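Enquirer: Please find one structure pasted underneath; my questions will follow.
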Amino acid sequence: MSVALVLAGLFAYRFLPVAALPRAEFPVVNVSAQLPGASPDTMATSVATPLIKQFGTIAGIDSISTTNAQGSTSIAIQFVLNRNIDAAAADVQAAIARTQRQLPIEMTTQPSYRKVNPADAPIVLMALKSDVVPLSQLDAFAQQVISPALSTVDGVAQVLIWGSQKYAVRIRIDPTALAARGIGLDELQLAITAANANTPVGTIQNTAQQLTIEAKTQLANAAQFANVIITTRSGKPVRLGDVATVIDSVENTLTRSTYDGTPAIVLAVQRQPDANTVEVVDRVKAMIPAFEAQLPAAASLSLLNDRSVSIRQAVEDVQFTLLLTIALVVMVIFVFLRRLAATFIPAVAVPISIIATLAAMYLFGFSIDNISLLGLTLSVGLVVDDAIVMLENIVRHMEEDGLDAFEAALKGSREIGFTIISISLSLVAVFIPVLLMGGVIGRIFNEFAIVVTVSILASAFVSLTLTPMLCSRLLSGYSQHHEENALGRWLEKGFDALLAGYDRGLKLCLRLQPLMLLAFFLTLFGTVWLLKVTPKGFFPQEDIGQLSVSTEARQDISFDAMQKLQAEVATVFRSSPYVAHVASTVGGSGPGSAALNAGRLFVELKPLDERPRMPAVLASLRRDLAQVPGINTYMTPVQNLQIGARSSKSQYQLVVQGLDQALMNDWAVRLADTMGRDRATFLDVATDLQNNALQATVIVDRDKANALGIGSDILRSTLYSGFGVRQVSTIYTAGDSYNVVVEFNPNDQWTPERLNSIRVRTKNGTLVPLGAIARIERTAGQLTVNQLGQLPAVTISYNLPPGVALGDSVNRINAIKQEINLPASLSTTLAGTAKTFQDSLANQGLLIMGAILTIYIVLGILYESFIHPLTILTGLPSAAVGALGALWLFGLDLSVIAIIGLLMLIGIVKKNAIMMIDVALVLRREGKSAQEAIHQACLMRFRPILMTTLAALMGTLPIALGAGASAELRQPLGIAVVGGLMISQVLTLFITPVLFLYMDRLSEGLGRLFGGKRQPEHVTHPAE
């Protein structure tokens, strides 16, 4: 049977995928809509709101976050965790179709949707660059070859092209030349559209043949458009080139991307929320050779921010830790047993249990990731316990009773079977509350709990079957021929001295029972106090060697000025000795950078052995970036666990909402400013509120406009044609289609006053200047409009200084709200990671109490007693004190990972008490006094307790040392377990025997109270 388990596990291992974490992301569908030239307010009211109303009818939505910028809207729809993303996407598509008729007629393309989280970092970036080939050609290669091919890859949600230089014909109109010839913008647009018609013209047929009519009327470039005749004046044709500058240009002139300072086309590959990062990246990288073969000779394709690299490094490091842990545990066993045969018996239980667990992981659909490997590593110290207990009991019968190996194996296995079952079931009981957890945290740690549970059950099976069989075969002649060498005799003398010292200390403690009871209550009080004062955190911040950087300048900055500032920031990163590569984008082509005053950078750091840890890198970069005036830079380390669909400049989010938008904006700024001044608790405080951008507001005299027959539709259409980058025609080719756009010449120095000279057509066909019916005023307006649901919202984001826990920041935010007297009409809610932390914090106490209660119930059933399960659990306070004290000593907060460490401690520590109480109860049945029974039981079980505890300690020590990639994620658990074991091992060996005596008296007292004769607790075949 053991061989079958091993074969099944080895077979399953070949098919287990590799990932950073278990799949625990919310299904997110992102909807994008474009209306070039539209203001953020127009996008919010005319585009976003109709869509949101329709989306609100879809079942299973958790939140709807919207960002409206100049000419673009991005709506992130986050669904509940158990919603199928494909079904959700179908519902979103249907809602978009229902809204189509309510959207502005100027929208040339309908809103599109993608199964992607816009707040998640790309899984890999590609940079196309060349010193010779124009960017427009590289962009064509990206648009026509790379992007379509990658978009078909399973797991890829979308491929974003940053710094796109897609070809377009731009018609830059001279309004003065138009006015001099009496030509209106509407007349010009109609002429362009008519000149570039591409409609079907039919076929010619006769009795002999059929011919397709092909009319070569489509225009292909700027030179051909410049010759288009718009109209005639005084019998002379007026060509487009007479009133406009027609150039071969690009579709979006307000975007630019660079790679390591060189202009480039940057492609960002984003995965679907349920896709495996490593598998998707492998599929993408497999296509790179084909792309490089088609590239022009002078062009190159570079990769950066490959997130699969850090995942593989982390998994490899944890695998090494697992092997090291196994070696350390086997070494501990050998030190105590000092015989290869005896060491082999419990040691073989480790690989069998671990490999068998791999088969269960395959059946449950798990992956090889940080969490599952962490569970396997911690299991090493647990799975060996059962075999050690079994082996020690069999060897004791051989040495003390003189039995041969076969008889000792039969007798020892019968006696110790109940103890092993008790230990295993109570260990499994620890993780029952974890298995019942919901939400993101439940998804992550369900895998951990199942992995540990299966390994424990596999270990119990091996210990009850294979271990006795091996003992009967391999221990033959153990007592007769076992001669110790000098080292063995020295170790045995050391253990005897340790046992004698323990005996003296135990006798002293049994005489000073009230003092030991006081020590127990002190540990209980210390546990409560430490739980209260220990900083609370969520998930340790990983260092995967990548930074996501947001930049923001003043709200009225021009694109050229923003581009220069962005280049200065990129230079700071490239100059850092810790940075390997930098990709930078500014303008309206990247997520979160639709506003011209915002930009993004993606920074790939050097390997960890060539740089310090992330906090030191961030501190160094912040000092250097502070020297760049005129622009704010916000850095966030990229994390494998992304929670929430709302993009922000910093990691943690606080959302302010209210019906009164002006009041909300004012108090959001006050709250953010107060948080920003508290540098001890908050870093990189920023908001997504941008409401101080300059606007040229057109105030129409409606009486004059009505008298001239100028409607608001004519006025808005005229302005949109001149300043909204209106698409008036399309050039179709075999590979792609290209826009033809009209605009007033942007090289002219446009001012609000000059708008008065724009000509607007009246109802009788004449043209009048805009100044005749309106005046222009400079006002402040919004550069972006953000919504949560249908209500406007302001998101305040922040990072944490080193050593500050997320729980401390949440408490400080609540205090600040009271200090500034935030109006009750405004609501504040945590979002993203901070919200999930708040939810998990509310359940931490219930999780721990649920685990303790479950163990008590299981032990109560096994021992048929209400009293002695309490005795077994009395070692928990000392373990908690050690764990929490170790976290405090190393400056770590009580994160979700550390909580799992506390649960592991509950299982490990009560195992020692079970081994003592089992023997003591048997000795009580034999007629010995309670004090004699517990004293003898402690001495009898001292060696296996010491062995199993040291094995568990060695199994956790490599994790606590925190070496390797993503060690920050695992270290809190290791430190908590090591600290708890070290303290509880000392205290439990002395406190638990004393508490056994008190509980025994309590049991007798209850028996007399209820008039019944006290019956000794029943234990099936206990160890003698």
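Going through the structure tokens in order, the chains are called A, B, and so on, while each chain numbers its residues from 1 and the ligands are numbered from 1 in the order shown.
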Residues of range 692-801 of chain A in strand (DSSP E) according to DSSP, as a VMD selection string?
Expert: chain A and resid 693 to 700 726 to 732 737 to 744 759 to 761 767 to 769 774 to 781 785 to 788 791 to 799
Enquirer: Only N, CA and C atoms, please: the residues just picked out, written as a short mmCIF file (atom, residue, chain, number, x, y, z; two decimals), in the first residue's frame.
Expert:
data_model
loop_
_atom_site.label_atom_id
_atom_site.label_comp_id
_atom_site.auth_asym_id
_atom_site.auth_seq_id
_atom_site.Cartn_x
_atom_site.Cartn_y
_atom_site.Cartn_z
N ALA A 693 -7.97 71.33 -12.77
CA ALA A 693 -7.48 71.54 -14.13
C ALA A 693 -8.14 72.77 -14.74
N LEU A 694 -7.38 73.48 -15.55
CA LEU A 694 -7.93 74.68 -16.21
C LEU A 694 -8.88 74.28 -17.32
N GLN A 695 -9.99 75.01 -17.42
CA GLN A 695 -10.96 74.77 -18.47
C GLN A 695 -11.31 76.09 -19.14
N ALA A 696 -11.56 76.00 -20.43
CA ALA A 696 -12.11 77.15 -21.17
C ALA A 696 -13.61 76.91 -21.30
N THR A 697 -14.38 77.54 -20.45
CA THR A 697 -15.82 77.31 -20.39
C THR A 697 -16.54 78.24 -21.36
N VAL A 698 -17.33 77.65 -22.25
CA VAL A 698 -18.10 78.42 -23.23
C VAL A 698 -19.47 78.74 -22.63
N ILE A 699 -19.73 80.04 -22.41
CA ILE A 699 -21.02 80.47 -21.85
C ILE A 699 -21.83 81.08 -22.98
N VAL A 700 -22.89 80.38 -23.35
CA VAL A 700 -23.67 80.73 -24.54
C VAL A 700 -24.78 81.73 -24.18
N ARG A 726 -11.69 64.50 -34.17
CA ARG A 726 -12.79 63.76 -34.79
C ARG A 726 -12.29 62.90 -35.95
N GLN A 727 -12.72 61.66 -35.97
CA GLN A 727 -12.42 60.77 -37.09
C GLN A 727 -13.46 60.99 -38.17
N VAL A 728 -13.01 61.42 -39.37
CA VAL A 728 -13.95 61.73 -40.45
C VAL A 728 -13.90 60.71 -41.58
N SER A 729 -12.87 59.87 -41.59
CA SER A 729 -12.77 58.87 -42.64
C SER A 729 -11.82 57.78 -42.20
N THR A 730 -11.79 56.70 -42.99
CA THR A 730 -10.95 55.55 -42.66
C THR A 730 -10.24 55.06 -43.91
N ILE A 731 -8.96 54.73 -43.74
CA ILE A 731 -8.16 54.13 -44.82
C ILE A 731 -8.09 52.64 -44.54
N TYR A 732 -8.59 51.85 -45.49
CA TYR A 732 -8.61 50.39 -45.32
C TYR A 732 -7.48 49.75 -46.11
N SER A 737 -6.73 48.95 -40.58
CA SER A 737 -7.40 50.17 -41.03
C SER A 737 -6.83 51.34 -40.24
N TYR A 738 -6.82 52.52 -40.86
CA TYR A 738 -6.17 53.68 -40.26
C TYR A 738 -7.12 54.87 -40.30
N ASN A 739 -7.05 55.69 -39.26
CA ASN A 739 -7.97 56.80 -39.12
C ASN A 739 -7.50 58.02 -39.91
N VAL A 740 -8.47 58.81 -40.32
CA VAL A 740 -8.24 60.14 -40.86
C VAL A 740 -8.95 61.10 -39.92
N VAL A 741 -8.21 61.97 -39.28
CA VAL A 741 -8.79 62.84 -38.24
C VAL A 741 -8.59 64.30 -38.63
N VAL A 742 -9.53 65.11 -38.19
CA VAL A 742 -9.44 66.55 -38.42
C VAL A 742 -9.29 67.25 -37.07
N GLU A 743 -8.59 68.36 -37.09
CA GLU A 743 -8.38 69.16 -35.89
C GLU A 743 -7.86 70.52 -36.29
N PHE A 744 -8.08 71.51 -35.47
CA PHE A 744 -7.43 72.79 -35.69
C PHE A 744 -5.94 72.61 -35.42
N ARG A 759 -15.62 80.00 -36.47
CA ARG A 759 -16.86 80.26 -37.19
C ARG A 759 -17.87 79.12 -36.99
N VAL A 760 -19.14 79.53 -36.76
CA VAL A 760 -20.23 78.59 -36.56
C VAL A 760 -21.30 78.89 -37.61
N ARG A 761 -21.86 77.84 -38.20
CA ARG A 761 -22.84 78.03 -39.26
C ARG A 761 -24.22 78.31 -38.66
N LEU A 767 -21.76 82.02 -41.87
CA LEU A 767 -20.85 81.70 -40.78
C LEU A 767 -20.66 82.93 -39.90
N VAL A 768 -20.81 82.75 -38.60
CA VAL A 768 -20.59 83.85 -37.66
C VAL A 768 -19.55 83.41 -36.65
N PRO A 769 -18.78 84.37 -36.12
CA PRO A 769 -17.78 84.00 -35.10
C PRO A 769 -18.45 83.55 -33.81
N ALA A 774 -21.38 83.78 -27.74
CA ALA A 774 -20.88 83.22 -26.48
C ALA A 774 -19.64 83.96 -26.04
N ARG A 775 -19.32 83.78 -24.78
CA ARG A 775 -18.07 84.31 -24.24
C ARG A 775 -17.30 83.16 -23.58
N ILE A 776 -16.01 83.33 -23.48
CA ILE A 776 -15.13 82.27 -22.95
C ILE A 776 -14.59 82.71 -21.60
N GLU A 777 -14.68 81.83 -20.60
CA GLU A 777 -14.14 82.10 -19.27
C GLU A 777 -13.21 80.97 -18.86
N ARG A 778 -12.16 81.33 -18.15
CA ARG A 778 -11.26 80.34 -17.56
C ARG A 778 -11.85 79.86 -16.23
N THR A 779 -12.01 78.57 -16.09
CA THR A 779 -12.53 78.00 -14.85
C THR A 779 -11.72 76.76 -14.47
N ALA A 780 -11.92 76.34 -13.22
CA ALA A 780 -11.28 75.09 -12.76
C ALA A 780 -12.27 73.94 -12.98
N GLY A 781 -11.76 72.84 -13.47
CA GLY A 781 -12.62 71.68 -13.72
C GLY A 781 -11.92 70.39 -13.37
N VAL A 785 -12.96 61.95 -13.32
CA VAL A 785 -14.15 61.76 -12.49
C VAL A 785 -14.21 60.29 -12.13
N ASN A 786 -14.23 60.01 -10.82
CA ASN A 786 -14.21 58.62 -10.34
C ASN A 786 -15.51 58.29 -9.64
N GLN A 787 -15.94 57.06 -9.82
CA GLN A 787 -17.19 56.61 -9.24
C GLN A 787 -17.02 55.24 -8.61
N LEU A 788 -17.78 55.00 -7.55
CA LEU A 788 -17.91 53.67 -6.96
C LEU A 788 -19.40 53.37 -6.98
N LEU A 791 -22.31 56.48 -7.55
CA LEU A 791 -21.97 57.70 -6.81
C LEU A 791 -20.52 58.10 -7.06
N PRO A 792 -20.26 59.41 -7.06
CA PRO A 792 -18.86 59.85 -7.16
C PRO A 792 -18.08 59.42 -5.93
N ALA A 793 -16.80 59.21 -6.10
CA ALA A 793 -15.96 58.72 -5.00
C ALA A 793 -14.55 59.27 -5.16
N VAL A 794 -13.87 59.41 -4.03
CA VAL A 794 -12.46 59.79 -4.02
C VAL A 794 -11.70 58.68 -3.29
N THR A 795 -10.68 58.16 -3.92
CA THR A 795 -9.87 57.10 -3.33
C THR A 795 -8.56 57.69 -2.82
N ILE A 796 -8.33 57.54 -1.54
CA ILE A 796 -7.05 57.92 -0.92
C ILE A 796 -6.21 56.67 -0.81
N SER A 797 -5.02 56.69 -1.35
CA SER A 797 -4.13 55.52 -1.28
C SER A 797 -2.87 55.88 -0.52
N TYR A 798 -2.26 54.88 0.09
CA TYR A 798 -1.05 55.12 0.88
C TYR A 798 -0.22 53.85 0.97
N ASN A 799 1.05 54.03 1.30
CA ASN A 799 1.95 52.93 1.61
C ASN A 799 2.32 53.01 3.09
#
Enquirer: Give me, as an mmCIF file with N, CA and C atoms, in the first residue's frame, all polymer residues having an atom no more than 10 Å from range 976-980 of chain A, counting only C-alpha atoms and skipping those fewer than 5 positions away in the same chain.
Expert:
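The resulting result_8.cif:
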data_model
loop_
_atom_site.group_PDB
_atom_site.id
_atom_site.type_symbol
_atom_site.label_atom_id
_atom_site.label_comp_id
_atom_site.auth_asym_id
_atom_site.auth_seq_id
_atom_site.Cartn_x
_atom_site.Cartn_y
_atom_site.Cartn_z
ATOM 1 N N LEU A 378 6.272 22.264 6.596
ATOM 2 C CA LEU A 378 5.902 22.196 8.010
ATOM 3 C C LEU A 378 5.436 20.801 8.394
ATOM 4 N N LEU A 876 -1.168 25.593 25.645
ATOM 5 C CA LEU A 876 -1.312 26.561 24.560
ATOM 6 C C LEU A 876 -0.889 27.981 24.951
ATOM 7 N N PRO A 877 -1.235 28.482 26.160
ATOM 8 C CA PRO A 877 -0.815 29.852 26.472
ATOM 9 C C PRO A 877 0.690 30.069 26.406
ATOM 10 N N SER A 878 1.453 29.089 26.891
ATOM 11 C CA SER A 878 2.911 29.258 26.845
ATOM 12 C C SER A 878 3.402 29.303 25.408
ATOM 13 N N ALA A 879 2.785 28.487 24.532
ATOM 14 C CA ALA A 879 3.173 28.517 23.124
ATOM 15 C C ALA A 879 2.820 29.860 22.494
ATOM 16 N N ALA A 880 1.642 30.391 22.820
ATOM 17 C CA ALA A 880 1.232 31.682 22.270
ATOM 18 C C ALA A 880 2.150 32.794 22.741
ATOM 19 N N VAL A 881 2.534 32.762 23.999
ATOM 20 C CA VAL A 881 3.463 33.781 24.516
ATOM 21 C C VAL A 881 4.787 33.718 23.754
ATOM 22 N N GLY A 882 5.294 32.521 23.541
ATOM 23 C CA GLY A 882 6.550 32.384 22.807
ATOM 24 C C GLY A 882 6.435 32.862 21.374
ATOM 25 N N ALA A 883 5.325 32.523 20.701
ATOM 26 C CA ALA A 883 5.144 32.923 19.305
ATOM 27 C C ALA A 883 4.998 34.431 19.169
ATOM 28 N N LEU A 884 4.128 35.017 19.981
ATOM 29 C CA LEU A 884 3.902 36.463 19.890
ATOM 30 C C LEU A 884 5.139 37.242 20.329
ATOM 31 N N GLY A 885 5.820 36.712 21.345
ATOM 32 C CA GLY A 885 7.057 37.372 21.770
ATOM 33 C C GLY A 885 8.123 37.331 20.686
ATOM 34 N N ALA A 886 8.229 36.209 19.964
ATOM 35 C CA ALA A 886 9.207 36.104 18.878
ATOM 36 C C ALA A 886 8.872 37.076 17.750
ATOM 37 N N LEU A 887 7.587 37.205 17.420
ATOM 38 C CA LEU A 887 7.185 38.165 16.383
ATOM 39 C C LEU A 887 7.553 39.585 16.804
ATOM 40 N N TRP A 888 7.302 39.906 18.064
ATOM 41 C CA TRP A 888 7.654 41.259 18.561
ATOM 42 C C TRP A 888 9.159 41.474 18.524
ATOM 43 N N LEU A 889 9.905 40.455 18.909
ATOM 44 C CA LEU A 889 11.367 40.583 18.959
ATOM 45 C C LEU A 889 11.941 40.860 17.575
ATOM 46 N N LEU A 892 7.987 41.863 13.569
ATOM 47 C CA LEU A 892 6.980 41.397 12.617
ATOM 48 C C LEU A 892 5.591 41.575 13.208
ATOM 49 N N LEU A 894 1.364 40.584 13.435
ATOM 50 C CA LEU A 894 0.556 39.373 13.491
ATOM 51 C C LEU A 894 -0.258 39.300 12.204
ATOM 52 N N ILE A 897 -0.439 34.985 7.861
ATOM 53 C CA ILE A 897 0.548 33.894 7.844
ATOM 54 C C ILE A 897 0.948 33.509 9.260
ATOM 55 N N ALA A 898 1.166 34.509 10.132
ATOM 56 C CA ALA A 898 1.540 34.221 11.516
ATOM 57 C C ALA A 898 0.400 33.538 12.264
ATOM 58 N N ILE A 899 -0.843 33.901 11.949
ATOM 59 C CA ILE A 899 -1.997 33.237 12.574
ATOM 60 C C ILE A 899 -1.997 31.746 12.246
ATOM 61 N N ILE A 900 -1.671 31.419 10.998
ATOM 62 C CA ILE A 900 -1.576 30.005 10.629
ATOM 63 C C ILE A 900 -0.468 29.326 11.442
ATOM 64 N N GLY A 901 0.607 30.059 11.726
ATOM 65 C CA GLY A 901 1.654 29.522 12.587
ATOM 66 C C GLY A 901 1.140 29.216 13.981
ATOM 67 N N LEU A 902 0.287 30.090 14.514
ATOM 68 C CA LEU A 902 -0.304 29.827 15.827
ATOM 69 C C LEU A 902 -1.167 28.568 15.799
ATOM 70 N N LEU A 903 -1.901 28.385 14.713
ATOM 71 C CA LEU A 903 -2.714 27.168 14.595
ATOM 72 C C LEU A 903 -1.825 25.923 14.551
ATOM 73 N N MET A 904 -0.695 26.035 13.835
ATOM 74 C CA MET A 904 0.236 24.910 13.804
ATOM 75 C C MET A 904 0.749 24.607 15.213
ATOM 76 N N LEU A 905 1.014 25.657 15.976
ATOM 77 C CA LEU A 905 1.513 25.475 17.343
ATOM 78 C C LEU A 905 0.491 24.745 18.204
ATOM 79 N N ILE A 906 -0.778 25.082 18.029
ATOM 80 C CA ILE A 906 -1.826 24.414 18.808
ATOM 81 C C ILE A 906 -1.738 22.906 18.603
ATOM 82 N N ILE A 908 0.926 21.155 17.496
ATOM 83 C CA ILE A 908 2.201 20.563 17.919
ATOM 84 C C ILE A 908 2.297 20.462 19.433
ATOM 85 N N VAL A 909 1.894 21.538 20.140
ATOM 86 C CA VAL A 909 2.093 21.590 21.591
ATOM 87 C C VAL A 909 1.187 20.613 22.322
ATOM 88 N N ALA A 952 10.156 18.908 15.081
ATOM 89 C CA ALA A 952 9.289 19.998 14.624
ATOM 90 C C ALA A 952 10.058 21.308 14.556
ATOM 91 N N LEU A 953 10.963 21.516 15.520
ATOM 92 C CA LEU A 953 11.761 22.750 15.533
ATOM 93 C C LEU A 953 12.690 22.799 14.329
ATOM 94 N N MET A 954 13.355 21.706 14.035
ATOM 95 C CA MET A 954 14.234 21.656 12.870
ATOM 96 C C MET A 954 13.445 21.750 11.567
ATOM 97 N N GLY A 955 12.216 21.251 11.604
ATOM 98 C CA GLY A 955 11.383 21.348 10.416
ATOM 99 C C GLY A 955 10.936 22.763 10.108
ATOM 100 N N THR A 956 10.971 23.635 11.106
ATOM 101 C CA THR A 956 10.510 25.017 10.930
ATOM 102 C C THR A 956 11.655 26.011 10.879
ATOM 103 N N LEU A 957 12.812 25.623 11.409
ATOM 104 C CA LEU A 957 13.937 26.560 11.505
ATOM 105 C C LEU A 957 14.359 27.138 10.157
ATOM 106 N N ILE A 959 12.571 27.816 7.616
ATOM 107 C CA ILE A 959 11.580 28.821 7.230
ATOM 108 C C ILE A 959 11.782 30.091 8.048
ATOM 109 N N ALA A 960 12.073 29.922 9.330
ATOM 110 C CA ALA A 960 12.254 31.084 10.199
ATOM 111 C C ALA A 960 13.486 31.898 9.822
ATOM 112 N N GLN A 971 8.445 33.720 6.390
ATOM 113 C CA GLN A 971 9.208 33.893 7.622
ATOM 114 C C GLN A 971 8.344 34.098 8.870
ATOM 115 N N GLN A 985 8.092 24.251 25.077
ATOM 116 C CA GLN A 985 8.798 23.022 25.423
ATOM 117 C C GLN A 985 9.283 23.075 26.869
#
Enquirer: Using only C-alpha atoms, which residues sit within 8 Å of Ser825 in chain A once same-chain residues fewer than 2 positions away are excluded, as a PyMOL selection string?
Expert: chain A and resi 658-659+823+827
Enquirer: Selected residues, all heavy atoms, written as a tab-separated table (two decimals), in the first residue's frame, please.
Expert:
chain	number	residue	atom	x	y	z
A	658	GLY	N	-19.99	60.47	-0.86
A	658	GLY	CA	-21.04	61.32	-0.33
A	658	GLY	C	-21.90	61.84	-1.46
A	658	GLY	O	-21.47	61.93	-2.61
A	659	LEU	N	-23.14	62.21	-1.13
A	659	LEU	CA	-24.05	62.74	-2.15
A	659	LEU	C	-23.64	64.13	-2.59
A	659	LEU	O	-23.84	64.51	-3.74
A	659	LEU	CB	-25.48	62.74	-1.60
A	659	LEU	CG	-26.09	61.35	-1.33
A	659	LEU	CD1	-27.46	61.49	-0.69
A	659	LEU	CD2	-26.20	60.56	-2.63
A	823	PRO	N	-17.60	64.95	8.55
A	823	PRO	CA	-19.08	64.99	8.59
A	823	PRO	C	-19.70	63.60	8.49
A	823	PRO	O	-19.20	62.73	7.76
A	823	PRO	CB	-19.44	65.85	7.37
A	823	PRO	CG	-18.23	66.68	7.11
A	823	PRO	CD	-17.06	65.82	7.50
A	827	SER	N	-19.19	58.94	3.94
A	827	SER	CA	-18.83	57.59	4.37
A	827	SER	C	-17.42	57.27	3.90
A	827	SER	O	-16.99	57.71	2.83
A	827	SER	CB	-19.81	56.56	3.80
A	827	SER	OG	-19.72	56.52	2.39
Enquirer: If you count only C-alpha atoms, which residues fall within 9 Å of Leu708 in chain A, apart from same-chain ones fewer than 5 positions away, as a list in words?
Expert: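 Residues near the query, excluding close chain neighbours: Asp703, Thr762, Lys763, Asn764 and Ile773 of chain A.
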Enquirer: Please produce an output containing all heavy atoms for each residue in the selection, written as a compact mmCIF listing (two decimals), in the first residue's frame.
Expert:
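Writing the result to out38.txt gives the following:
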# COMPACT_ATOMS: atom_id res chain seq x y z
N ASP A 703 -30.27 83.63 -26.22
CA ASP A 703 -31.15 84.48 -27.04
C ASP A 703 -30.51 84.77 -28.38
O ASP A 703 -31.16 84.67 -29.44
CB ASP A 703 -31.46 85.77 -26.29
CG ASP A 703 -32.33 85.53 -25.06
OD1 ASP A 703 -33.02 84.50 -25.03
OD2 ASP A 703 -32.29 86.36 -24.13
N THR A 762 -24.90 79.33 -39.22
CA THR A 762 -26.26 79.67 -38.80
C THR A 762 -27.27 78.89 -39.63
O THR A 762 -26.92 78.17 -40.57
CB THR A 762 -26.50 81.17 -38.96
OG1 THR A 762 -26.45 81.50 -40.36
CG2 THR A 762 -25.46 81.98 -38.20
N LYS A 763 -28.59 79.12 -39.31
CA LYS A 763 -29.63 78.37 -40.02
C LYS A 763 -29.78 78.79 -41.47
O LYS A 763 -30.25 78.02 -42.30
CB LYS A 763 -30.97 78.54 -39.30
CG LYS A 763 -31.50 79.97 -39.27
CD LYS A 763 -32.80 80.04 -38.52
CE LYS A 763 -33.33 81.47 -38.43
NZ LYS A 763 -34.59 81.55 -37.66
N ASN A 764 -29.34 80.02 -41.81
CA ASN A 764 -29.42 80.44 -43.21
C ASN A 764 -28.15 80.15 -43.99
O ASN A 764 -27.99 80.60 -45.13
CB ASN A 764 -29.77 81.92 -43.30
CG ASN A 764 -28.73 82.80 -42.61
OD1 ASN A 764 -27.66 82.32 -42.22
ND2 ASN A 764 -29.05 84.08 -42.44
N ILE A 773 -22.07 84.84 -30.19
CA ILE A 773 -23.14 84.19 -29.41
C ILE A 773 -22.67 83.67 -28.06
O ILE A 773 -23.48 83.15 -27.29
CB ILE A 773 -23.74 83.01 -30.20
CG1 ILE A 773 -22.66 81.95 -30.47
CG2 ILE A 773 -24.37 83.49 -31.49
CD1 ILE A 773 -23.21 80.65 -30.98
Enquirer: When distances are computed from only C-alpha atoms, which of A:Thr571, A:Ala59, A:Gln70, A:Gly722 shows the smallest separation from Gln189 in chain A?
Expert: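 Smallest separation from Gln189 in chain A among the options: A:Gly722.
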Enquirer: Tell me, in Å to one decimal, how far CA of Arg812 in chain A is from CA of Arg622 in chain A.
Expert: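 Between CA of Arg812 in chain A and CA of Arg622 in chain A the gap works out to 23.5 Å.
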Enquirer: List as a list in words the protein and nucleic acid residues near range 140-146 of chain A, meaning an atom at most 8 Å away when only C-alpha atoms are counted, but skip any in the same chain fewer than 4 places from it.
Expert: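 The neighbour list is Ser136, Leu150, Ile161, Lys166, Tyr167, Ile265, Leu267, Phe291, Leu295, Gly735 and Asp736 of chain A.
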Enquirer: One decimal, Å: what's the distance from CA of Ala12 in chain A over to CA of Val454 in chain A, could you say?
Expert: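 Computed distance, CA of Ala12 in chain A to CA of Val454 in chain A, equals 14.8 Å.
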Enquirer: Could you please determine the separation between CA of Ile441 in chain A and CA of Pro22 in chain A in Å, to one decimal place?
Expert: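 Computing the Euclidean distance for CA of Ile441 in chain A and CA of Pro22 in chain A yields 10.2 Å.
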